[in-house]
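A quick write-up on the structure given underneath.
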Amino acid sequence: MKKKSIPLEEISNLKTMSEQNMDYLEEFDLFERGGGNNTIRIDWFLGNTCDYSCTYCTPDNYDGSSPWPDLEVFKNFVNTATNYYNYRNKIVRWYLLGGELTLWRDFDKALEIINNAGTLNNTVSIQSNGSRTVRWWKKNAHLMSEILFSCHPEQADYKHLTKVVNALYLEGVHNLSVQVCFYP
């Protein structure tokens with residue numbers, strides 16, 4: 001099938017986005033999904049160190065070749081982004097993922113930075129395999145709004161993960177889910 005070309009005279013009549021009247025977008029705001037027009041979602045892949053090396057994962061998902069961010073750099077980005085969006089009355093929903101986040105020695109400090117940033121009720125969601133101790137999860141439960149656990153049958157201890165999920169629920173984290181991975 002041959003592509004239809006646009007005549008030159010039509011191309012010269014096209015306007016840039018800044019030249020067009022885009023007021024109608026305010027009603028739909030297609031660029032800010034996941035919470036309505038008062039919310040912005042930031043997905044952030046923090047690093048790729050993992051304590052599992054599942055057969056269905058490639059090494060770039062767990063080999064540590066992408067190190068965790070420097071805590072000061074992390075703090076500056078969080079504060080800049082949060083202040084920018086909170087000033088515009090937007091709640092920031094942080095979605096943190098990458099490797100196994102809870103292995104980052106400064107992860108609890110990073111969670112505190114997000115929770116203390118800005119003036120609005122920002123939220124933190126993470127993805128984890130849940131391998132840290134129940135004590136660690138209980139200590140840090142108040143810093144997370146949502147947790148998506150991935151249960152990897154070839155490596156995970158499902159009894160431990162069940163204890164972690166139950167402990168978090170009792171600590172008030174009710175937005176929990178567990179995805180069970182399977183072999184391709």
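We label chains A, B, ... in the order they appear in the structure tokens, count residues from 1 in each chain, and number ligands from 1 in the order shown.
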May I have the residues within 9 Å of Tyr56 in chain A as a ChimeraX atom specification, using only C-alpha atoms and disregarding those fewer than 4 positions away in the same chain?
/A:182-184
Neighbour list for Thr102 in chain A as a ChimeraX atom specification, cut-off 10 Å, only C-alpha atoms, skip fewer than 3 positions in-chain:
/A:49-51,97-99,105-108,126-132,136-137
Output file for the selection above: N, CA, C and O atoms, as a compact mmCIF listing (two decimals), in the first residue's frame:
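The resulting file, part.txt, is reproduced below:
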```txt
# COMPACT_ATOMS: atom_id res chain seq x y z
N THR A 49 19.70 -3.84 40.97
CA THR A 49 20.25 -4.86 41.86
C THR A 49 19.09 -5.66 42.43
O THR A 49 18.12 -5.10 42.91
N CYS A 50 19.21 -6.99 42.36
CA CYS A 50 18.15 -7.86 42.89
C CYS A 50 18.78 -9.06 43.58
O CYS A 50 19.85 -9.52 43.18
N ASP A 51 18.11 -9.55 44.61
CA ASP A 51 18.61 -10.74 45.30
C ASP A 51 18.13 -12.03 44.65
O ASP A 51 18.52 -13.12 45.06
N LEU A 97 10.36 1.52 41.07
CA LEU A 97 10.61 0.14 40.69
C LEU A 97 12.05 -0.03 40.27
O LEU A 97 12.79 0.93 40.17
N GLY A 98 12.43 -1.27 40.06
CA GLY A 98 13.76 -1.56 39.56
C GLY A 98 14.49 -2.57 40.42
O GLY A 98 14.59 -2.39 41.62
N GLY A 99 14.90 -3.63 39.87
CA GLY A 99 15.62 -4.62 40.66
C GLY A 99 14.78 -4.94 41.89
O GLY A 99 13.57 -5.08 41.81
N ARG A 105 20.52 0.40 50.37
CA ARG A 105 20.72 0.68 51.80
C ARG A 105 20.07 1.99 52.24
O ARG A 105 19.75 2.17 53.41
N ASP A 106 19.86 2.92 51.31
CA ASP A 106 19.23 4.20 51.64
C ASP A 106 17.75 4.25 51.26
O ASP A 106 17.16 5.33 51.25
N PHE A 107 17.16 3.11 50.96
CA PHE A 107 15.78 3.14 50.46
C PHE A 107 14.81 3.71 51.49
O PHE A 107 13.93 4.48 51.14
N ASP A 108 14.97 3.35 52.76
CA ASP A 108 14.08 3.91 53.78
C ASP A 108 14.24 5.42 53.87
O ASP A 108 13.25 6.16 54.00
N ILE A 126 5.42 1.09 45.38
CA ILE A 126 6.65 0.38 45.02
C ILE A 126 6.32 -1.02 44.50
O ILE A 126 5.24 -1.55 44.75
N GLN A 127 7.30 -1.57 43.81
CA GLN A 127 7.23 -2.96 43.37
C GLN A 127 8.37 -3.70 44.07
O GLN A 127 9.50 -3.20 44.11
N SER A 128 8.06 -4.86 44.65
CA SER A 128 9.06 -5.58 45.43
C SER A 128 8.80 -7.08 45.38
O SER A 128 7.67 -7.51 45.18
N ASN A 129 9.84 -7.86 45.63
CA ASN A 129 9.64 -9.30 45.77
C ASN A 129 9.37 -9.69 47.23
O ASN A 129 9.11 -10.85 47.53
N GLY A 130 9.41 -8.72 48.13
CA GLY A 130 9.04 -8.95 49.52
C GLY A 130 10.04 -9.73 50.34
O GLY A 130 9.72 -10.21 51.43
N SER A 131 11.27 -9.84 49.87
CA SER A 131 12.25 -10.70 50.53
C SER A 131 12.82 -10.12 51.83
O SER A 131 13.40 -10.87 52.62
N ARG A 132 12.68 -8.83 52.04
CA ARG A 132 13.20 -8.25 53.29
C ARG A 132 12.44 -8.81 54.48
O ARG A 132 11.35 -9.36 54.35
N TRP A 136 11.57 -5.28 58.86
CA TRP A 136 11.86 -4.14 57.97
C TRP A 136 10.56 -3.57 57.40
O TRP A 136 10.36 -2.36 57.38
N TRP A 137 9.68 -4.45 56.94
CA TRP A 137 8.42 -3.99 56.34
C TRP A 137 7.56 -3.26 57.36
O TRP A 137 6.97 -2.22 57.06
```
Of the candidates A:Ala141, A:Phe149, A:Val78, A:Asn48, which shows the shortest atom-to-atom distance to Val92 in chain A, using only C-alpha atoms?
A:Val78
Just checking: using only C-alpha atoms, which residue out of A:Trp104, A:Tyr95, A:Tyr85, A:Tyr158 ends up closest to Gly47 in chain A?
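The shortest atom-to-atom distance to Gly47 in chain A comes from A:Trp104.
Minimum atom-to-atom distance to Asn122 in chain A, evaluated using only C-alpha atoms, belongs to A:Asn38 out of A:Gln155, A:Asn140, A:Asn76, A:Asn38.
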Contacts of Asn86 in chain A within 12 Å, only C-alpha atoms, excl. fewer than 2 positions in-chain, as a PyMOL selection string
chain A and resi 38-40+78-84+88-93+117-122
Leaving out Val124 in chain A and any residue of its chain fewer than 2 positions from it, which residues lie within 6 Å of it when counting only C-alpha atoms, given as number ranges by chain?
A: 94, 144-145
Selection file, C-alpha atoms, as a tab-separated table (two decimals), in the first residue's frame:
```
chain	number	residue	atom	x	y	z
A	94	TRP	CA	5.56	8.21	42.85
A	144	MET	CA	4.32	3.47	51.39
A	145	SER	CA	0.81	3.90	50.02
```
Nearby residues (only C-alpha atoms) at most 6 Å from range 163-180 of chain A, same-chain spacing under 6 positions excluded, as a compact mmCIF listing (two decimals) with N, CA, C and O atoms, in the first residue's frame:
```txt
# COMPACT_ATOMS: atom_id res chain seq x y z
N VAL A 134 10.22 -9.28 57.89
CA VAL A 134 8.93 -8.74 58.32
C VAL A 134 9.18 -7.48 59.16
O VAL A 134 8.46 -6.48 59.05
N GLU A 146 1.14 2.06 48.49
CA GLU A 146 0.74 0.91 47.69
C GLU A 146 1.97 0.05 47.43
O GLU A 146 3.05 0.57 47.17
N ILE A 147 1.78 -1.27 47.52
CA ILE A 147 2.89 -2.18 47.25
C ILE A 147 2.40 -3.29 46.34
O ILE A 147 1.39 -3.94 46.62
N LEU A 148 3.13 -3.47 45.25
CA LEU A 148 2.87 -4.58 44.34
C LEU A 148 3.99 -5.58 44.55
O LEU A 148 5.17 -5.28 44.29
N PHE A 149 3.64 -6.73 45.07
CA PHE A 149 4.63 -7.79 45.27
C PHE A 149 4.64 -8.72 44.06
O PHE A 149 3.59 -9.03 43.51
N SER A 150 5.82 -9.14 43.70
CA SER A 150 5.96 -10.16 42.66
C SER A 150 6.49 -11.42 43.35
O SER A 150 7.51 -11.39 44.01
N CYS A 151 5.73 -12.49 43.24
CA CYS A 151 6.11 -13.76 43.84
C CYS A 151 6.74 -14.63 42.76
O CYS A 151 6.08 -14.97 41.78
```
Taking the DSSP secondary structure from the backbone, can you list the residues of range 35-136 of chain A that are strand (DSSP E or B), as a ChimeraX atom specification?
/A:39-45,49,63,91-97,123-128
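Nearest to Ser125 in chain A of all the residues A:Trp68, A:Trp44, A:Phe74, A:Tyr52 is A:Trp44, counting only C-alpha atoms.
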Would you mind writing down, as a PyMOL selection string, each residue of chain A that DSSP on the backbone assigns to helix (DSSP H, G or I)?
chain A and resi 8-13+17-19+25-28+59-61+71-87+101-103+107-116+134-143+158-170
